[in-house]
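Peer 1: The structure's right below; bear with me while I get my questions together.
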Amino acid sequence: MANEKNLPLYDKFWVKHTFSRTMDSLTLLLLLLLLGYRIFCHDSYTFPCFVAVICESWFTCFWIFIISTKWSPAFTKTHIDRLLLRVPEAELPAVDLFVTTADPVLEPPIITINTVLSLLALDYPANKLACYVSDDGCSPLNFYALLEASKFAKLWVPFCKNYNIQLRVPFRYFSHNTNPPNTEHSQQFIQDWLRLKKEYESLCSKIMNAATNSIPLIGEFAIFSNTQLRNHPTIIKVICENKGLSDELPHLVYVSREKKKQHPHHYKAGAMNVLTRVSGVMTNAPFILNVDCDMYVHNPKIVLHALCILLDSKGEKEVAFSQCIQQFYDALKDDPFGNQLVATFLYLGGGLAGLQGIFYIGTNCLHRRKVIYGLSPDHHIQNGKKDHDITNGKFSEKKRIFGSSKGFVESATDALEGKTLASNNNIWKYVEAAKEVASCEYEYDTAWGKEVGWMYGSTSEDALTGLKIHTKGWRSEVCSPDLIAFMGCSPQDIITVMVQQRRWVSGLLEILLSNHCPIFGTLFGKLQFRQCLGYLWVTTWGLRSVPEICYSLLPAYCIINNSTFLPKDLGQWIPTTLFVIYNISTFVEYLGTGLSIRTWWNSQRMARITTTNAWFFGLLSIVLKLLRISDIVFEITRKEQSSSNESAKENNGRFIFNESPIFIPGTTILLIQLIALVTKLLGWQPRVRNGHGSGIGEVLCCSYLVVCYWPFFKGLFGKGKYGIPLSTICKSMVLAFLFVYFGKAY
C-alpha cells in the first residue's frame, strides 16, 4: 500500500514515428536541394525564379518549424485509482468551473445550458465544485435558461449518478436514445428515464418560447430592463447554492460584467479575468476548469484525470495547466472544410507535448489559480527570491497588482500561498464584493491583462496567455483519457470557417508583432528553443499567405509570358520528388490516424484555400491596424446543435458564398489559372525571350490549383447561396486581367 502511494499519478510516454521522421527529413533535404539549385544554377537568374527562391526560402523555414515541433511526440496516461488512494474523496481540492458565452443568437442558450448540465453532473464531490457562467451579451434569455436548467438539474444530476450514465449532456443522451435503453435496468429506471425525457422536452420548449416571446422584465429580471449590450451594470445572480453536501447540486452563479461604451472590455480575456476575480472572492478554488459554451463534458471523470497531472509530485512543481484536445460531435463526413484538425492534434499537438507542452487553446483546460495570478515555477515562499511583490509584498504592492478590493487581495494571497480553504457554504454574502471586482474600472492601474490573469493585446487571448505561462518556465501537459474528455460543435459552413480562421490568424500575428513575441520569450525568458519554434509555426500563419499566393500565381505567370520557374534537366526531379514525398507522408499520417482518403484530400485542398483567403485577410487586418486605418473586430463563431441544424444537413459539406471580400483572392487565383490554361491551349503565348519557355510542369501546376479550387469553380456557375456573388466575380475578373496585363507588360 505504501509503495502504491508513492507511484506517479500519471506516466508520460515518448513515441518515435520513424516513418514520419524519415519522410519529414527527406522533405527538408529536398527543400534545401531546391534552394541550392536556385542559388547556384545560372539558368535560375530570372524574375520568376527570383520570386520562387523567396517563396521556397519561406516554405523551408516554415517546414523547419513544423519538423522541430513534430520530432519528439509524447502522450500521458493518468491513474485515477492512485489519485484516490493518495487523496481521499473528502480531501480532493475544490475546482471552479468557467463557462463563457457572448451572444444568445450565435450561441443559443440551449447549447450553453447543456454544457452547464454536463458540468454539474461531473463525477466529483458537488460541494467542491462551483460553476460560473459569464454572459457577455447580458441577455435575460440566458439567465432565464439557466434558472430553468437549474430546476431540471435537480432531476438530471441524481439520475446520471444513480444509474452511472456516462453521457451526461441531455440533448446528446436523448438524441442517441429515443426510447429507454434495452438494458437490464429496473422498471424504476424506465420510469425515471421517461420522466427525464419529458422534463427535458419541456425545458427546451420553455426556452424556445422565451426566445420567441420577450421575457417580462419584472421580479428577478427587472435588472435587465435598462441594459444595453455595451452599457449595463454588473449583474451577479446565485442560482444554486450548495450547503456543503456532496449529494446536492454544485454552486451555480450567473455573471454579466459591467460594460460602458468608453471602457475597453477586452473580449473573452476580459470576461475570463472577471470570472477569475468573482470566483476568487466567492469560492477561491485552487483549480479552474474553463470551457466554451458549446464544449460539453463527455467524460464525467475528466477533472480527476486532469488532477492526476496537476497533483503529481513532479507535475505539482512544473505543470501549469492540463489541456484536453478539442473534438467534435457534429463533424461532417470526410471533413469537407478541413477544420477537425484530428491529424494536427495527433502529430503536432503530440509533438508539443514532448517539448515544454501543448498550447493553451482557450477551452477544455484545467488551470492552477496561482499560475493565473502570475506565480513562477521556481518561486519559494520561504525565501522569497522570486515574485516578491506578488506574495510577500505589502498590501499597497498587492493592490497595484490585483486591484483595490481588500477581500480579493486576501483571497489571492491565500491562493498564491497554497492555503486550502474550507468549503464556502454561504456565497450569497459575497455578491456585493464580487460586483466590485466585476466593474469595468476595477482593472485600471493594475497588472490585470499584463502580468496577471488572461493576457490582453490579442484576439487570440488563449495563445497569448499560454505563451506567457510557458515564458515563465512552466510546462503544460495533454490530458487524453481513453474516453474523450470534451466534445463540441464545429463550424458547419465555409463562411464560418473563414471567419474563425481570420480571427485566429489576426490574433496570432498580434502576438508575433508585440513584445510577447516568442523569440523574446526565449532570449529574455524561460521559453525553450524548440517550444519557441512551435509558437513561431502557429504565429506566422498569416505571413505564410503572401508566399503562398505568390507561388500559386507563378505557374500562370510563366505560361502567360512563356517563361519558366521550374528547374530543367536533372533539376526537374527535385520539385517532382518533393511533391510526391510530401503527399505520401501526409497521406500515410491521415490513414494511420484512421481518417479516409477523402478527408486527406479535403485537408490538402483547404490548406490552399484557407491560407490564400482567410489567412491573407487576417494579415491584412493587422496591416490596417498598424496603419491605424481600422481596428480588429472580434467575431463570434456561430454555434448550432447538430440535431436542429437543418442547414448543415442541407449543405452537406457544399461551399456556400456571400459577398464578403474574403472570397476574392481565391476566385482571382482560380480565374488566373483558367486564363493561363486557355492561353496555353490556344497557343497565345509570346515567343521565348531568353532561356526556356513554359512546359508541362507549369501546366500541371495550374491544373492542380484548379482542382484545389474546384469548389470555387463550381461557385462560378452555382445559383443562390451556392454561387459566388456577381460582385465578387467582377472584382476578381478585374484583378485577374490586371495581373495578365501587367504580367505581359513587365
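Chain labels run A, B, ... following the order of the C-alpha cells; each chain numbers its residues from 1, and ligands are numbered from 1 in the order shown.
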Per residue of range 54-124 of chain A within 9 Å of range 235-250 of chain A, note the shortest atom pair and the distance in Å to one decimal, counting only C-alpha atoms, and order the rows by chain and increasing residue number, as a tab-separated table.
Peer 2:
residue	atom	partner	partner_atom	distance
A:Leu120	CA	A:Pro250	CA	6.3
A:Ala121	CA	A:Leu249	CA	8.3
A:Tyr124	CA	A:Ser246	CA	8.5
Peer 1: Excluding Val51 in chain A and its own-chain neighbours fewer than 6 positions away, which residues fall within 9 Å of it when counting only C-alpha atoms? Please give them as a list in words.
Peer 2: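 Final neighbour list, sorted by chain and number: Pro547, Cys550, Tyr551, Leu554 and Phe565 of chain A.
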Peer 1: Fewer than 5 positions away in the same chain doesn't count, so skip those; otherwise give me all residues within 9 Å of Arg605 in chain A, counting only C-alpha atoms, as a list in words.
Peer 2: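 Listed by chain and then number, they are Phe337, Gly338, Trp600, Thr610, Leu705, Val707, Cys708 and Tyr709 of chain A.
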Peer 1: Out of A:Tyr535, A:Phe587, A:Phe663, A:Tyr741, which residue has the shortest atom-to-atom distance to Leu464 in chain A when counting only C-alpha atoms?
Peer 2: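 Ranking A:Tyr535, A:Phe587, A:Phe663, A:Tyr741 by distance to Leu464 in chain A, first place goes to A:Tyr535.
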Peer 1: What's around range 688-699 of chain A at 7 Å? Count only C-alpha atoms, leave out sequence neighbours fewer than 5 positions away in its own chain, and write the answer as number ranges by chain.
Peer 2: A: 555, 558-559, 562-564, 677
Peer 1: Could you give me, as a list in words, the residues within 12 Å of Val623 in chain A, counting only C-alpha atoms and dropping anything in the same chain fewer than 4 positions from it?
Peer 2: Ser506, Leu509, Glu510, Leu513, Gly542, Leu543, Phe616, Phe617, Gly618, Leu619, Leu627, Arg628, Ile629, Ser630, Asp631 and Ile632 of chain A
Peer 1: With DSSP run on the backbone, what are the strand (DSSP E or B) residues within range 196-366 of chain A? I'd like them as a VMD selection string.
Peer 2: chain A and resid 228 231 to 232 235 to 240 251 to 256 259 287 to 292 296 to 297 319 to 323 328 365 to 366
Peer 1: To one decimal place, how far is CA of Leu167 in chain A from CA of Leu310 in chain A in Å?
Peer 2: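 We find that CA of Leu167 in chain A and CA of Leu310 in chain A lie 25.1 Å from each other.
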Peer 1: Just the residues within 7 Å of Leu352 in chain A, please, counting only C-alpha atoms, with nothing from its chain fewer than 5 positions along; format it as a list of chain:residue names.
Peer 2: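 Answer for this query is A:Thr69, A:Pro73, A:Gly357, A:Ile358.
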Peer 1: Save the residues we just selected, N, CA, C and O atoms, as a CSV table (one decimal), in the first residue's frame?
Peer 2:
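Wrote selection_20.csv, looks like this:
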chain,number,residue,atom,x,y,z
A,69,THR,N,8.8,20.8,-34.3
A,69,THR,CA,7.6,20.6,-33.4
A,69,THR,C,7.2,19.1,-33.3
A,69,THR,O,6.8,18.6,-32.3
A,73,PRO,N,7.2,13.4,-30.3
A,73,PRO,CA,5.8,13.4,-29.7
A,73,PRO,C,5.7,12.5,-28.4
A,73,PRO,O,6.5,11.6,-28.2
A,357,GLY,N,5.3,21.7,-23.7
A,357,GLY,CA,3.9,21.4,-23.5
A,357,GLY,C,3.0,22.0,-24.6
A,357,GLY,O,3.4,22.9,-25.3
A,358,ILE,N,1.8,21.4,-24.7
A,358,ILE,CA,0.9,21.9,-25.7
A,358,ILE,C,0.4,23.3,-25.4
A,358,ILE,O,0.5,23.8,-24.3
Peer 1: Write out as a VMD selection string which residues come within 8 Å of range 311-320 of chain A when counting only C-alpha atoms, dropping same-chain ones fewer than 3 positions away.
Peer 2: chain A and resid 8 to 10 307 to 308 367 to 368 371 377 469 474 to 477
Peer 1: CA of Ala485 in chain A and CA of Ile302 in chain A, how far apart in Å?
Peer 2: 5.9 Å
Peer 1: Hey, can you check how far CA of Thr344 in chain A sits from CA of Arg654 in chain A?
Peer 2: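 It comes out at 23.1 Å.
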Peer 1: Go through A:Thr728, A:Val546, A:Cys131, A:Trp14 one by one, measure the shortest atom-to-atom distance of each to Leu620 in chain A using only C-alpha atoms, and give the residue with the smallest value.
Peer 2: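 Among the listed residues, the smallest separation from Leu620 in chain A belongs to A:Val546.
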Peer 1: With DSSP run on the backbone, what are the helix (DSSP H, G or I) residues within range 37-227 of chain A? I'd like them as a PyMOL selection string.
Peer 2: chain A and resi 37-40+42-44+47-70+80-86+89-91+109-120+126-128+140-162+170-176+187-212+219-224
Peer 1: Just C-alpha atoms for this one: save the residues we selected as a short mmCIF file (atom, residue, chain, number, x, y, z; two decimals), in the first residue's frame.
Peer 2:
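After the write, again04.cif holds the following:
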data_model
loop_
_atom_site.label_atom_id
_atom_site.label_comp_id
_atom_site.auth_asym_id
_atom_site.auth_seq_id
_atom_site.Cartn_x
_atom_site.Cartn_y
_atom_site.Cartn_z
CA TYR A 37 19.79 24.62 -57.19
CA ARG A 38 18.15 28.06 -57.37
CA ILE A 39 21.21 29.78 -55.95
CA PHE A 40 23.97 28.03 -57.89
CA HIS A 42 22.83 30.11 -63.81
CA ASP A 43 19.53 29.31 -65.54
CA SER A 44 17.71 30.49 -62.40
CA PHE A 47 12.29 37.13 -62.31
CA PRO A 48 10.07 34.03 -61.85
CA CYS A 49 12.99 32.13 -60.30
CA PHE A 50 13.77 35.08 -58.03
CA VAL A 51 10.19 35.04 -56.73
CA ALA A 52 10.34 31.25 -56.44
CA VAL A 53 13.50 31.28 -54.32
CA ILE A 54 12.00 33.83 -51.91
CA CYS A 55 8.83 31.75 -51.53
CA GLU A 56 10.72 28.48 -51.22
CA SER A 57 13.01 30.02 -48.59
CA TRP A 58 9.94 30.83 -46.52
CA PHE A 59 8.49 27.34 -47.06
CA THR A 60 11.80 25.83 -45.91
CA CYS A 61 11.83 27.99 -42.78
CA PHE A 62 8.20 27.11 -42.08
CA TRP A 63 8.97 23.41 -42.55
CA ILE A 64 11.81 23.66 -40.02
CA PHE A 65 9.26 24.97 -37.51
CA ILE A 66 6.98 22.01 -38.27
CA ILE A 67 9.63 19.28 -38.22
CA SER A 68 11.07 20.57 -34.94
CA THR A 69 7.61 20.59 -33.37
CA LYS A 70 6.70 17.10 -34.59
CA ILE A 80 -7.28 7.86 -11.07
CA ASP A 81 -7.02 4.86 -8.73
CA ARG A 82 -3.65 6.10 -7.45
CA LEU A 83 -5.04 9.63 -7.02
CA LEU A 84 -7.96 8.44 -4.89
CA LEU A 85 -5.60 6.24 -2.87
CA ARG A 86 -3.35 9.21 -2.13
CA GLU A 89 -12.50 11.98 -1.80
CA ALA A 90 -13.26 14.30 1.12
CA GLU A 91 -9.83 15.93 0.72
CA PRO A 109 -28.92 29.26 -24.68
CA ILE A 110 -29.95 25.63 -25.21
CA ILE A 111 -26.31 24.85 -26.09
CA THR A 112 -24.99 26.72 -23.05
CA ILE A 113 -27.31 25.02 -20.57
CA ASN A 114 -26.42 21.57 -21.92
CA THR A 115 -22.77 22.34 -21.25
CA VAL A 116 -23.64 23.60 -17.76
CA LEU A 117 -25.72 20.49 -17.02
CA SER A 118 -22.82 18.24 -18.04
CA LEU A 119 -20.53 20.17 -15.68
CA LEU A 120 -22.96 19.96 -12.77
CA ALA A 126 -20.55 18.53 -5.62
CA ASN A 127 -19.54 20.57 -2.57
CA LYS A 128 -16.09 21.01 -4.17
CA PRO A 140 -32.26 37.88 -19.88
CA LEU A 141 -32.83 34.84 -22.10
CA ASN A 142 -29.54 33.27 -20.94
CA PHE A 143 -30.42 33.97 -17.32
CA TYR A 144 -33.90 32.50 -17.77
CA ALA A 145 -32.43 29.41 -19.43
CA LEU A 146 -30.05 28.88 -16.52
CA LEU A 147 -32.85 29.28 -13.99
CA GLU A 148 -34.93 26.64 -15.75
CA ALA A 149 -31.91 24.40 -16.27
CA SER A 150 -31.14 24.50 -12.54
CA LYS A 151 -34.61 23.09 -11.85
CA PHE A 152 -34.06 20.32 -14.39
CA ALA A 153 -30.59 19.66 -12.94
CA LYS A 154 -32.14 18.62 -9.63
CA LEU A 155 -33.57 15.63 -11.52
CA TRP A 156 -30.89 15.14 -14.15
CA VAL A 157 -27.78 15.03 -11.93
CA PRO A 158 -29.11 12.39 -9.48
CA PHE A 159 -30.40 10.34 -12.44
CA CYS A 160 -26.93 10.31 -14.06
CA LYS A 161 -25.13 9.43 -10.84
CA ASN A 162 -27.64 6.85 -9.57
CA PRO A 170 -29.21 15.64 -22.15
CA PHE A 171 -29.55 16.71 -25.78
CA ARG A 172 -26.98 14.08 -26.83
CA TYR A 173 -28.25 11.43 -24.45
CA PHE A 174 -31.85 11.66 -25.61
CA SER A 175 -30.95 12.01 -29.29
CA HIS A 176 -28.95 8.76 -29.03
CA GLN A 187 -38.74 -0.67 -14.10
CA GLN A 188 -37.86 2.29 -11.90
CA PHE A 189 -35.11 3.25 -14.33
CA ILE A 190 -37.55 3.21 -17.25
CA GLN A 191 -39.98 5.41 -15.33
CA ASP A 192 -37.21 7.83 -14.40
CA TRP A 193 -35.95 7.85 -17.99
CA LEU A 194 -39.37 8.67 -19.41
CA ARG A 195 -39.88 11.36 -16.81
CA LEU A 196 -36.46 12.96 -17.55
CA LYS A 197 -37.10 12.92 -21.29
CA LYS A 198 -40.45 14.62 -20.80
CA GLU A 199 -38.89 17.20 -18.47
CA TYR A 200 -36.09 17.92 -20.94
CA GLU A 201 -38.54 18.40 -23.80
CA SER A 202 -40.48 20.78 -21.55
CA LEU A 203 -37.27 22.67 -20.76
CA CYS A 204 -36.45 23.07 -24.45
CA SER A 205 -39.98 24.19 -25.18
CA LYS A 206 -39.84 26.84 -22.44
CA ILE A 207 -36.55 28.25 -23.75
CA MET A 208 -37.78 28.29 -27.34
CA ASN A 209 -40.96 30.09 -26.28
CA ALA A 210 -38.94 32.59 -24.26
CA ALA A 211 -36.72 33.24 -27.29
CA THR A 212 -39.77 33.83 -29.47
CA GLY A 219 -39.02 40.39 -10.42
CA GLU A 220 -35.59 38.80 -10.79
CA PHE A 221 -35.46 40.05 -14.40
CA ALA A 222 -36.10 43.71 -13.56
CA ILE A 223 -32.37 44.43 -13.51
CA PHE A 224 -32.26 43.71 -17.27
#
Peer 1: Using only C-alpha atoms, can you tell me which of A:Lys261, A:Lys12, A:Lys370, A:His232 comes closest to Pro286 in chain A?
Peer 2: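 Result for the nearest residue to Pro286 in chain A: A:Lys370.
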Peer 1: Name the closest residue to Pro491 in chain A among the candidates A:Thr576, A:Ser396, A:Gln340, A:Ser439; distances are taken between atoms, counting only C-alpha atoms.
Peer 2: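 Selected residue with least distance to Pro491 in chain A: A:Gln340.
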Peer 1: Could you check which of A:Gly350, A:Ala306, A:Gly137, A:Val342 is closest to Ser256 in chain A, using only C-alpha atoms?
Peer 2: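 Under the stated criterion, the closest residue is A:Gly137.
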